[in-house]
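Q: Contents of start.pdb (PDB, C-alpha atoms and all ligand atoms):
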```pdb
ATOM      1  CA  MET A 184      68.504 105.197  58.525
ATOM      2  CA  ILE A 185      68.605 105.489  54.737
ATOM      3  CA  LEU A 186      68.418 102.896  51.980
ATOM      4  CA  ILE A 187      71.109 102.924  49.303
ATOM      5  CA  GLU A 188      70.556 100.857  46.173
ATOM      6  CA  ALA A 189      73.620  98.800  45.268
ATOM      7  CA  ASP A 190      73.752 100.172  41.726
ATOM      8  CA  ILE A 191      76.320 102.236  39.800
ATOM      9  CA  ASN A 192      75.416 105.329  41.847
ATOM     10  CA  ALA A 193      76.177 103.614  45.147
ATOM     11  CA  TYR A 194      79.722 104.988  45.393
ATOM     12  CA  LYS A 195      78.440 108.573  45.017
ATOM     13  CA  LYS A 196      75.667 108.001  47.545
ATOM     14  CA  PHE A 197      78.100 106.580  50.098
ATOM     15  CA  LEU A 198      80.311 109.652  49.626
ATOM     16  CA  GLU A 199      77.378 112.034  50.025
ATOM     17  CA  GLU A 200      75.687 110.311  52.944
ATOM     18  CA  LYS A 201      78.831 109.243  54.838
ATOM     19  CA  PRO A 202      76.936 106.575  56.832
ATOM     20  CA  ASP A 203      78.365 105.534  60.220
ATOM     21  CA  ILE A 204      77.859 101.924  59.199
ATOM     22  CA  VAL A 205      76.222 100.065  56.307
ATOM     23  CA  PHE A 206      74.015  97.024  56.799
ATOM     24  CA  ASN A 207      75.154  95.187  53.704
ATOM     25  CA  ILE A 208      72.764  92.823  51.938
ATOM     26  CA  ALA A 209      74.020  93.526  48.399
ATOM     27  CA  GLU A 210      74.521  90.316  46.445
ATOM     28  CA  GLY A 211      75.562  92.269  43.343
ATOM     29  CA  SER A 212      74.567  91.433  39.829
ATOM     30  CA  VAL A 213      77.624  91.513  37.579
ATOM     31  CA  GLY A 214      80.585  89.165  37.530
ATOM     32  CA  LEU A 215      82.149  86.591  39.787
ATOM     33  CA  SER A 216      83.232  89.240  42.323
ATOM     34  CA  ARG A 217      79.708  90.609  42.551
ATOM     35  CA  GLU A 218      79.224  90.043  46.285
ATOM     36  CA  ALA A 219      82.572  91.678  47.045
ATOM     37  CA  GLN A 220      81.970  94.879  45.112
ATOM     38  CA  ILE A 221      79.989  96.954  47.623
ATOM     39  CA  PRO A 222      82.185  95.914  50.593
ATOM     40  CA  SER A 223      85.284  96.798  48.530
ATOM     41  CA  ILE A 224      83.881 100.266  47.864
ATOM     42  CA  LEU A 225      83.106 100.619  51.567
ATOM     43  CA  ASP A 226      86.630  99.501  52.520
ATOM     44  CA  PHE A 227      88.020 102.059  50.071
ATOM     45  CA  LEU A 228      85.894 104.806  51.628
ATOM     46  CA  ASN A 229      86.697 103.598  55.145
ATOM     47  CA  ILE A 230      83.015 103.038  55.954
ATOM     48  CA  PRO A 231      82.227 100.125  58.311
ATOM     49  CA  TYR A 232      79.715  97.471  57.199
ATOM     50  CA  THR A 233      78.072  94.334  58.480
ATOM     51  CA  ALA A 234      79.028  90.810  57.431
ATOM     52  CA  SER A 235      82.062  89.357  55.746
ATOM     53  CA  ASP A 236      84.832  91.133  53.862
ATOM     54  CA  PRO A 237      85.398  91.029  50.074
ATOM     55  CA  LEU A 238      87.808  88.091  50.250
ATOM     56  CA  THR A 239      85.410  85.849  52.171
ATOM     57  CA  LEU A 240      82.479  86.896  49.999
ATOM     58  CA  SER A 241      84.393  86.127  46.804
ATOM     59  CA  ILE A 242      85.617  82.773  48.055
ATOM     60  CA  CYS A 243      82.210  81.676  49.282
ATOM     61  CA  LEU A 244      80.628  82.567  45.948
ATOM     62  CA  ASN A 245      83.019  80.063  44.387
ATOM     63  CA  LYS A 246      81.922  76.637  45.618
ATOM     64  CA  ALA A 247      85.181  74.958  44.548
ATOM     65  CA  ARG A 248      87.507  77.481  46.243
ATOM     66  CA  THR A 249      85.373  77.179  49.375
ATOM     67  CA  LYS A 250      85.761  73.404  49.341
ATOM     68  CA  GLU A 251      89.521  73.674  48.816
ATOM     69  CA  ILE A 252      89.809  75.760  51.984
ATOM     70  CA  LEU A 253      87.540  73.395  53.912
ATOM     71  CA  SER A 254      89.761  70.494  52.851
ATOM     72  CA  TYR A 255      92.843  72.329  54.128
ATOM     73  CA  TYR A 256      91.167  72.580  57.536
ATOM     74  CA  LYS A 257      90.037  68.925  57.305
ATOM     75  CA  ILE A 258      86.368  69.912  57.400
ATOM     76  CA  PRO A 259      84.373  67.204  55.587
ATOM     77  CA  THR A 260      82.977  68.145  52.184
ATOM     78  CA  ALA A 261      81.987  65.949  49.211
ATOM     79  CA  ARG A 262      84.672  65.010  46.665
ATOM     80  CA  PHE A 263      84.408  67.231  43.620
ATOM     81  CA  SER A 264      85.867  68.174  40.298
ATOM     82  CA  LEU A 265      85.574  71.227  38.102
ATOM     83  CA  VAL A 266      84.299  70.181  34.698
ATOM     84  CA  TYR A 267      84.152  71.949  31.373
ATOM     85  CA  SER A 268      83.129  68.942  29.250
ATOM     86  CA  THR A 269      81.475  65.530  29.445
ATOM     87  CA  LYS A 270      84.858  63.904  28.841
ATOM     88  CA  GLU A 271      86.304  65.628  31.904
ATOM     89  CA  LEU A 272      83.430  64.434  34.035
ATOM     90  CA  ILE A 273      83.854  60.823  32.923
ATOM     91  CA  GLU A 274      87.619  61.076  33.539
ATOM     92  CA  SER A 275      87.197  62.675  36.958
ATOM     93  CA  ASN A 276      86.838  59.318  38.730
ATOM     94  CA  LEU A 277      84.044  60.669  40.890
ATOM     95  CA  GLU A 278      81.631  58.016  42.060
ATOM     96  CA  PHE A 279      78.034  58.189  40.832
ATOM     97  CA  PRO A 280      75.539  59.511  41.741
ATOM     98  CA  ILE A 281      76.930  62.942  41.016
ATOM     99  CA  ILE A 282      75.339  66.347  41.362
ATOM    100  CA  ILE A 283      76.285  69.074  38.892
ATOM    101  CA  LYS A 284      75.971  72.758  39.711
ATOM    102  CA  PRO A 285      77.170  76.080  38.287
ATOM    103  CA  ILE A 286      80.195  77.048  40.340
ATOM    104  CA  ALA A 287      79.020  80.510  41.352
ATOM    105  CA  GLU A 288      75.272  80.766  41.772
ATOM    106  CA  GLY A 289      72.831  80.653  44.664
ATOM    107  CA  SER A 290      69.156  80.138  45.478
ATOM    108  CA  SER A 291      69.342  76.811  43.608
ATOM    109  CA  LYS A 292      69.837  78.605  40.276
ATOM    110  CA  GLY A 293      71.053  75.860  37.944
ATOM    111  CA  VAL A 294      70.422  73.084  40.479
ATOM    112  CA  PHE A 295      67.493  71.205  38.988
ATOM    113  CA  ASP A 296      65.911  67.892  39.803
ATOM    114  CA  SER A 297      67.726  66.616  36.702
ATOM    115  CA  SER A 298      71.111  67.808  38.061
ATOM    116  CA  LEU A 299      71.431  64.574  40.014
ATOM    117  CA  ILE A 300      73.055  62.129  37.626
ATOM    118  CA  TYR A 301      73.010  58.416  38.374
ATOM    119  CA  SER A 302      75.236  57.052  35.602
ATOM    120  CA  ALA A 303      77.615  58.041  32.821
ATOM    121  CA  THR A 304      74.933  57.409  30.188
ATOM    122  CA  GLN A 305      72.837  60.199  31.701
ATOM    123  CA  VAL A 306      75.620  62.781  31.288
ATOM    124  CA  ASN A 307      75.419  63.135  27.513
ATOM    125  CA  GLY A 308      74.818  66.694  26.332
ATOM    126  CA  PHE A 309      74.130  67.928  29.836
ATOM    127  CA  ILE A 310      77.496  69.580  30.474
ATOM    128  CA  ASP A 311      77.677  71.491  27.167
ATOM    129  CA  LYS A 312      74.147  72.777  27.602
ATOM    130  CA  TYR A 313      74.905  74.023  31.119
ATOM    131  CA  ILE A 314      78.202  75.664  30.224
ATOM    132  CA  ASN A 315      76.430  77.505  27.419
ATOM    133  CA  GLU A 316      73.616  78.579  29.638
ATOM    134  CA  TYR A 317      75.513  79.677  32.754
ATOM    135  CA  ARG A 318      78.835  80.711  31.141
ATOM    136  CA  GLN A 319      80.927  79.481  34.040
ATOM    137  CA  PRO A 320      82.621  76.209  34.988
ATOM    138  CA  LEU A 321      80.496  73.516  36.550
ATOM    139  CA  ILE A 322      81.265  71.768  39.767
ATOM    140  CA  ALA A 323      80.534  68.053  39.867
ATOM    141  CA  GLU A 324      80.250  66.605  43.352
ATOM    142  CA  GLU A 325      79.711  63.141  44.721
ATOM    143  CA  PHE A 326      76.181  62.935  46.077
ATOM    144  CA  LEU A 327      75.802  63.021  49.860
ATOM    145  CA  PRO A 328      72.899  60.657  50.480
ATOM    146  CA  GLY A 329      71.968  61.602  54.051
ATOM    147  CA  ARG A 330      69.757  64.147  55.780
ATOM    148  CA  GLU A 331      70.179  67.830  54.940
ATOM    149  CA  PHE A 332      70.325  70.733  57.349
ATOM    150  CA  THR A 333      70.899  74.441  57.061
ATOM    151  CA  VAL A 334      72.453  76.252  59.972
ATOM    152  CA  ALA A 335      72.252  79.938  60.882
ATOM    153  CA  LEU A 336      75.179  81.409  62.787
ATOM    154  CA  MET A 337      75.434  84.821  64.412
ATOM    155  CA  GLY A 338      78.248  86.627  66.172
ATOM    156  CA  ASN A 339      82.031  86.493  66.134
ATOM    157  CA  GLY A 340      84.865  84.825  68.041
ATOM    158  CA  ASN A 341      83.780  83.392  71.385
ATOM    159  CA  GLU A 342      80.395  85.106  71.007
ATOM    160  CA  LEU A 343      79.606  83.097  67.887
ATOM    161  CA  GLU A 344      76.224  81.426  68.357
ATOM    162  CA  VAL A 345      74.625  78.627  66.373
ATOM    163  CA  LEU A 346      70.870  79.295  66.055
ATOM    164  CA  PRO A 347      68.378  76.398  65.936
ATOM    165  CA  ILE A 348      69.193  73.961  63.139
ATOM    166  CA  VAL A 349      66.705  73.693  60.244
ATOM    167  CA  GLU A 350      66.257  70.319  58.533
ATOM    168  CA  ILE A 351      65.114  70.197  54.908
ATOM    169  CA  ASN A 352      62.340  67.624  54.966
ATOM    170  CA  PHE A 353      62.493  65.889  51.589
ATOM    171  CA  ALA A 354      59.561  63.640  52.550
ATOM    172  CA  ALA A 355      57.351  66.672  51.795
ATOM    173  CA  LEU A 356      58.365  66.640  48.110
ATOM    174  CA  PRO A 357      56.349  64.771  45.480
ATOM    175  CA  LYS A 358      57.438  61.120  45.411
ATOM    176  CA  ASP A 359      59.007  61.195  41.917
ATOM    177  CA  ILE A 360      61.332  64.082  42.812
ATOM    178  CA  ASN A 361      64.982  63.626  43.848
ATOM    179  CA  PRO A 362      65.794  64.357  47.519
ATOM    180  CA  ILE A 363      67.700  67.564  46.802
ATOM    181  CA  TYR A 364      66.846  71.174  47.564
ATOM    182  CA  SER A 365      66.547  71.867  43.855
ATOM    183  CA  TYR A 366      65.192  74.876  41.996
ATOM    184  CA  GLU A 367      61.906  73.012  41.681
ATOM    185  CA  ALA A 368      61.787  72.263  45.425
ATOM    186  CA  LYS A 369      62.713  75.810  46.443
ATOM    187  CA  TRP A 370      60.662  77.859  44.019
ATOM    188  CA  ILE A 371      58.021  75.732  42.267
ATOM    189  CA  PHE A 372      56.656  73.170  44.721
ATOM    190  CA  ASP A 373      57.039  75.681  47.576
ATOM    191  CA  SER A 374      55.512  79.113  47.020
ATOM    192  CA  PRO A 375      53.767  81.641  49.264
ATOM    193  CA  GLU A 376      50.430  80.416  47.820
ATOM    194  CA  HIS A 377      51.200  76.696  48.170
ATOM    195  CA  GLN A 378      53.578  76.338  51.057
ATOM    196  CA  LEU A 379      55.336  73.019  51.337
ATOM    197  CA  ASP A 380      55.942  71.660  54.811
ATOM    198  CA  MET A 381      59.617  71.272  53.982
ATOM    199  CA  TYR A 382      61.302  72.581  57.106
ATOM    200  CA  LEU A 383      61.760  71.069  60.536
ATOM    201  CA  CYS A 384      63.067  73.481  63.145
ATOM    202  CA  PRO A 385      64.197  72.211  65.507
ATOM    203  CA  PRO A 386      64.691  68.831  63.804
ATOM    204  CA  ASP A 387      64.438  65.443  65.451
ATOM    205  CA  ILE A 388      68.149  64.739  66.025
ATOM    206  CA  ASP A 389      70.097  63.334  68.951
ATOM    207  CA  SER A 390      72.429  65.569  70.900
ATOM    208  CA  ASP A 391      75.530  63.864  69.495
ATOM    209  CA  LEU A 392      74.578  64.638  65.890
ATOM    210  CA  GLU A 393      73.485  68.132  66.895
ATOM    211  CA  SER A 394      76.838  68.915  68.458
ATOM    212  CA  ARG A 395      78.746  67.430  65.502
ATOM    213  CA  ILE A 396      76.748  69.595  63.079
ATOM    214  CA  LYS A 397      77.309  72.670  65.242
ATOM    215  CA  LYS A 398      81.038  72.042  65.516
ATOM    216  CA  THR A 399      81.375  71.599  61.757
ATOM    217  CA  CYS A 400      79.544  74.883  61.212
ATOM    218  CA  VAL A 401      81.568  76.863  63.757
ATOM    219  CA  ASP A 402      84.815  75.467  62.309
ATOM    220  CA  THR A 403      83.622  76.394  58.807
ATOM    221  CA  PHE A 404      82.607  79.925  59.815
ATOM    222  CA  ASN A 405      86.049  80.462  61.323
ATOM    223  CA  ALA A 406      88.007  78.743  58.543
ATOM    224  CA  LEU A 407      86.439  81.082  55.999
ATOM    225  CA  ASN A 408      86.789  84.099  58.271
ATOM    226  CA  CYS A 409      83.066  84.868  58.147
ATOM    227  CA  LYS A 410      81.861  87.892  60.072
ATOM    228  CA  ASP A 411      78.674  88.648  62.047
ATOM    229  CA  TRP A 412      76.448  86.032  60.411
ATOM    230  CA  SER A 413      76.252  83.284  57.811
ATOM    231  CA  ARG A 414      74.113  80.300  56.890
ATOM    232  CA  ILE A 415      75.835  77.018  56.198
ATOM    233  CA  ASP A 416      74.293  74.118  54.249
ATOM    234  CA  ILE A 417      75.141  70.685  55.642
ATOM    235  CA  ARG A 418      74.388  67.177  54.479
ATOM    236  CA  LEU A 419      75.227  63.817  56.040
ATOM    237  CA  ASP A 420      77.377  61.397  54.084
ATOM    238  CA  LYS A 421      76.817  57.641  54.038
ATOM    239  CA  ASN A 422      78.576  57.361  57.419
ATOM    240  CA  ASN A 423      76.360  60.063  58.962
ATOM    241  CA  ILE A 424      79.224  62.555  59.057
ATOM    242  CA  PRO A 425      78.111  66.168  58.553
ATOM    243  CA  ASN A 426      79.629  67.500  55.314
ATOM    244  CA  VAL A 427      79.563  71.136  54.249
ATOM    245  CA  ILE A 428      77.738  71.771  50.967
ATOM    246  CA  GLU A 429      78.251  75.526  50.824
ATOM    247  CA  VAL A 430      78.578  78.692  52.891
ATOM    248  CA  ASN A 431      76.273  81.701  52.536
ATOM    249  CA  PRO A 432      77.918  84.736  54.178
ATOM    250  CA  LEU A 433      74.987  86.906  53.028
ATOM    251  CA  PRO A 434      72.067  84.644  53.929
ATOM    252  CA  GLY A 435      68.676  85.057  52.245
ATOM    253  CA  ILE A 436      66.370  86.996  54.579
ATOM    254  CA  LEU A 437      62.976  87.416  52.910
ATOM    255  CA  PRO A 438      60.923  88.923  55.749
ATOM    256  CA  ASP A 439      57.560  87.238  55.075
ATOM    257  CA  PRO A 440      57.549  83.861  56.899
ATOM    258  CA  LYS A 441      55.490  82.518  53.968
ATOM    259  CA  ASN A 442      58.621  82.760  51.808
ATOM    260  CA  ASN A 443      60.384  80.223  54.015
ATOM    261  CA  SER A 444      63.770  81.979  54.208
ATOM    262  CA  CYS A 445      65.720  79.693  56.525
ATOM    263  CA  TYR A 446      67.813  82.269  58.425
ATOM    264  CA  PRO A 447      64.816  84.308  59.703
ATOM    265  CA  LYS A 448      62.982  81.030  60.354
ATOM    266  CA  SER A 449      65.794  79.802  62.606
ATOM    267  CA  ALA A 450      66.018  83.223  64.304
ATOM    268  CA  ARG A 451      62.263  83.103  65.054
ATOM    269  CA  VAL A 452      62.646  79.709  66.724
ATOM    270  CA  ALA A 453      65.474  81.245  68.790
ATOM    271  CA  GLY A 454      62.954  83.889  69.926
ATOM    272  CA  LEU A 455      64.224  86.685  67.681
ATOM    273  CA  ASN A 456      61.749  88.524  65.510
ATOM    274  CA  TYR A 457      62.939  90.055  62.236
ATOM    275  CA  ASP A 458      63.993  93.366  63.807
ATOM    276  CA  ASP A 459      65.804  91.615  66.665
ATOM    277  CA  MET A 460      67.667  89.515  64.094
ATOM    278  CA  ILE A 461      68.822  92.552  62.107
ATOM    279  CA  ASN A 462      69.683  94.536  65.241
ATOM    280  CA  ASN A 463      71.704  91.682  66.697
ATOM    281  CA  VAL A 464      73.776  91.352  63.520
ATOM    282  CA  LEU A 465      74.309  95.116  63.554
ATOM    283  CA  HIS A 466      75.342  94.904  67.205
ATOM    284  CA  PHE A 467      78.011  92.297  66.395
ATOM    285  CA  ALA A 468      79.363  94.428  63.556
ATOM    286  CA  LEU A 469      79.482  97.574  65.727
ATOM    287  CA  LYS A 470      81.299  95.624  68.428
ATOM    288  CA  ARG A 471      83.793  94.268  65.893
ATOM    289  CA  TYR A 472      84.604  97.819  64.761
ATOM    290  CA  GLY A 473      84.848  99.014  68.379
ATOM    291  CA  MET A 474      81.830 101.274  67.806
ATOM    292  CA  SER A 475      79.495  99.991  70.525
TER     293      SER A 475
HETATM  294  N1  LIG B   1      77.243  67.062  47.117
HETATM  295  C1  LIG B   1      75.918  67.110  47.319
HETATM  296  N2  LIG B   1      75.265  66.012  47.776
HETATM  297  C2  LIG B   1      73.920  66.031  47.973
HETATM  298  N3  LIG B   1      73.140  67.072  47.694
HETATM  299  C3  LIG B   1      73.743  68.199  47.233
HETATM  300  C4  LIG B   1      75.148  68.278  47.021
HETATM  301  N4  LIG B   1      75.433  69.523  46.540
HETATM  302  C5  LIG B   1      74.243  70.168  46.457
HETATM  303  N5  LIG B   1      73.225  69.382  46.863
HETATM  304  C6  LIG B   1      71.799  69.692  46.876
HETATM  305  O1  LIG B   1      71.551  70.812  46.030
HETATM  306  C7  LIG B   1      71.073  71.911  46.805
HETATM  307  C8  LIG B   1      71.617  73.216  46.254
HETATM  308  O2  LIG B   1      73.037  73.185  46.292
HETATM  309  P1  LIG B   1      73.847  74.399  46.884
HETATM  310  O3  LIG B   1      75.289  74.144  46.636
HETATM  311  O4  LIG B   1      73.429  74.672  48.289
HETATM  312  O5  LIG B   1      73.378  75.568  45.902
HETATM  313  P2  LIG B   1      72.722  77.006  46.149
HETATM  314  O6  LIG B   1      73.871  77.948  46.263
HETATM  315  O7  LIG B   1      71.912  77.246  44.947
HETATM  316  O8  LIG B   1      71.922  76.928  47.435
HETATM  317  C9  LIG B   1      71.504  71.593  48.224
HETATM  318  O9  LIG B   1      70.683  72.254  49.174
HETATM  319  C10 LIG B   1      71.362  70.081  48.271
HETATM  320  O10 LIG B   1      70.029  69.652  48.438
HETATM  321 MG    MG B   2      72.479  76.270  49.282
END
```
Here is a file; write its structure as C-alpha cells.
Ligand SMILES: Nc1ncnc2c1ncn2[C@@H]1O[C@H](COP(=O)(O)OP(=O)(O)O)[C@@H](O)[C@H]1O
Ligand SMILES: [Mg+2]
A:
Amino acid sequence: MILIEADINAYKKFLEEKPDIVFNIAEGSVGLSREAQIPSILDFLNIPYTASDPLTLSICLNKARTKEILSYYKIPTARFSLVYSTKELIESNLEFPIIIKPIAEGSSKGVFDSSLIYSATQVNGFIDKYINEYRQPLIAEEFLPGREFTVALMGNGNELEVLPIVEINFAALPKDINPIYSYEAKWIFDSPEHQLDMYLCPPDIDSDLESRIKKTCVDTFNALNCKDWSRIDIRLDKNNIPNVIEVNPLPGILPDPKNNSCYPKSARVAGLNYDDMINNVLHFALKRYGMS
C-alpha cells in the first residue's frame, strides 16, 4: 500500500505507481468540482477507486442540486431557495425560521449558531456578508424542528447495509445555543480535550421511526447513485417525517474516537474497528469492479 497526496503531482504519481485500486478520501481544495477531480483523473487513467463517481460527488457537494434530485424521487427534504441577496430571501416565501448555509461546504463551515434566522428583521446585512466571505450562492432552507440523526451506509445494491443510526443530542449543548449541529457545536463546544456527550448510538427510537429513517437513507443513496459508502444527515420535520439534510459520499473518518467522527463511531457500534471499516468499503469496491 502507498499513500498518494491529492495534490498537483497526483496524476504523475498515479501514472508511475499504477495502483490496482485507490482508496479515495480526497475532498479536494479548489473549486466547486473539487471532490470530483481525483476520481476524474482515475477514470481517465482507467484506475479503479472506492466510493462514488465524479458526477455523484459533484452533485452531493451542491446542496441545492442534491435536493432537486431528492424532490424528483419524492424523498422528503426541507423547502429551499438559492439566495444572492436579502431581497431574494424576503421574496422567496420560505417560512421562518430559516437556516442559511453556503451551498457547497462541509464540516459545518459557514453554518453558525447565528445562521438560524427567526424573522425577516434578523436577515439584514447577513446575506451580503456571507456572499462576500464564501464567494458562492447561499441556500436558505426552512428549519426542520425535530430530532437529528446521521446515518452511515455501506455496500451496494442488495448488499447495501445501514449501520447503527447516530442521533445528535442537542440537549448536551449549552442552553443558549440553537439546536443545530453548527460550527460552534462541532468544533468549539466539542473538542478532543473537552468532549461533549453529543451522540447517541444507538438512539432511543421506536422500530417504526428506525425503519422510516433507514428507508429514506437507502432511497437517497440509490437516487444519488452513491457507491460503497456514504453518510446521510437526517432531521425530522414537524410531522416527524425524516427529511434529508445532505448527503456525504466521502464521509469524515477521523480515526481517533475522541474526534467524534460519526461514520467510524457508527461502524464501532456495528462491531467494526477502524481497519474492518476501511477493509469492508474496499471489499465492496473490489466486488463492484469484479476484482474480488
Ligand atoms: N433545513 C434544516 N433544518 C434544520 N437544521 C438544519 C437544516 N439544514 C441544516 N441544518 C443544521 O445545520 C447542520 C449543518 O448543515 P449541513 O447541511 O449538514 O452542513 P455540513 O455540510 O456543514 O455538514 C445540520 O447538521 C443541522 O443541524
Ligand atoms: Mg452535515
Q: A:Val205, A:Val345, A:Ile417, A:Leu455: which is nearest ligand LIG 1 (chain B), counting all atoms listed in the file?
A: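 Nearest candidate to ligand LIG 1 (chain B) out of A:Val205, A:Val345, A:Ile417, A:Leu455: A:Ile417.
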Q: Any chance you could work out the residue set of the PyMOL selection byres (((chain A and resi 317) around 12) and not hetatm) here, as number ranges by chain?
A: A: 214-215, 267, 284-288, 292-294, 310-316, 318-321
Q: I'd like the neighbourhood of Ile396 (chain A) as a VMD selection string, where a residue qualifies if any of its atoms comes within 7 Å (using only C-alpha atoms), though same-chain residues fewer than 4 positions away should be ignored.
A: chain A and resid 392 400 425
Q: For the structure shown, which residues end up in the PyMOL selection byres (((chain A and resi 299) around 7) and not hetatm)? Put them as a PyMOL selection string, please?
A: chain A and resi 280-283+296-298+300-301
Q: Around ligand LIG 1 (chain B), out to 7 Å and counting all atoms listed in the file, which residues are there? I want them as a list of chain:residue names.
A: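 The residues near ligand LIG 1 (chain B) are A:Ala261, A:Ile282, A:Glu288, A:Gly289, A:Ser290, A:Ser291, A:Lys292, A:Val294, A:Glu324, A:Glu325, A:Phe326, A:Leu327, A:Pro328, A:Glu331, A:Pro362, A:Ile363, A:Tyr364, A:Ser365, A:Asp416, A:Arg418, A:Ile428, A:Glu429.
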Q: For Asn442 (chain A), please output as a VMD selection string all residues within 9 Å (counting all atoms listed in the file; exclusion window: fewer than 2 positions along the same chain).
A: chain A and resid 373 to 375 378 437 to 440 444
Q: Nearest to ligand MG 2 (chain B): which of A:Phe467, A:Phe404, A:Tyr457, A:Phe332 is it, counting all atoms listed in the file?
A: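 Smallest distance to ligand MG 2 (chain B) is found for A:Phe332.
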Q: Ranking A:Ile371, A:Gly454, A:Pro385, A:Ile351 by minimum distance to ligand MG 2 (chain B) and counting only C-alpha atoms and all ligand atoms, which one comes first?
A: A:Ile351
Q: Report, in Å with one decimal, the straight-line distance from CA of Tyr256 (chain A) to CA of Asp402 (chain A).
A: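 The value is 8.5 Å.
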Q: Taking all atoms listed in the file into account, which of A:Asn405, A:Pro222, A:Glu200, A:Asn229 comes nearest Ile185 (chain A)?
A: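 Looking only at the distances to Ile185 (chain A), the closest residue turns out to be A:Glu200.
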Q: What separation in Å, quoted to one decimal, exists between CA of Cys384 (chain A) and CA of Cys445 (chain A)?
A: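 For CA of Cys384 (chain A) relative to CA of Cys445 (chain A), the distance reads 9.5 Å.
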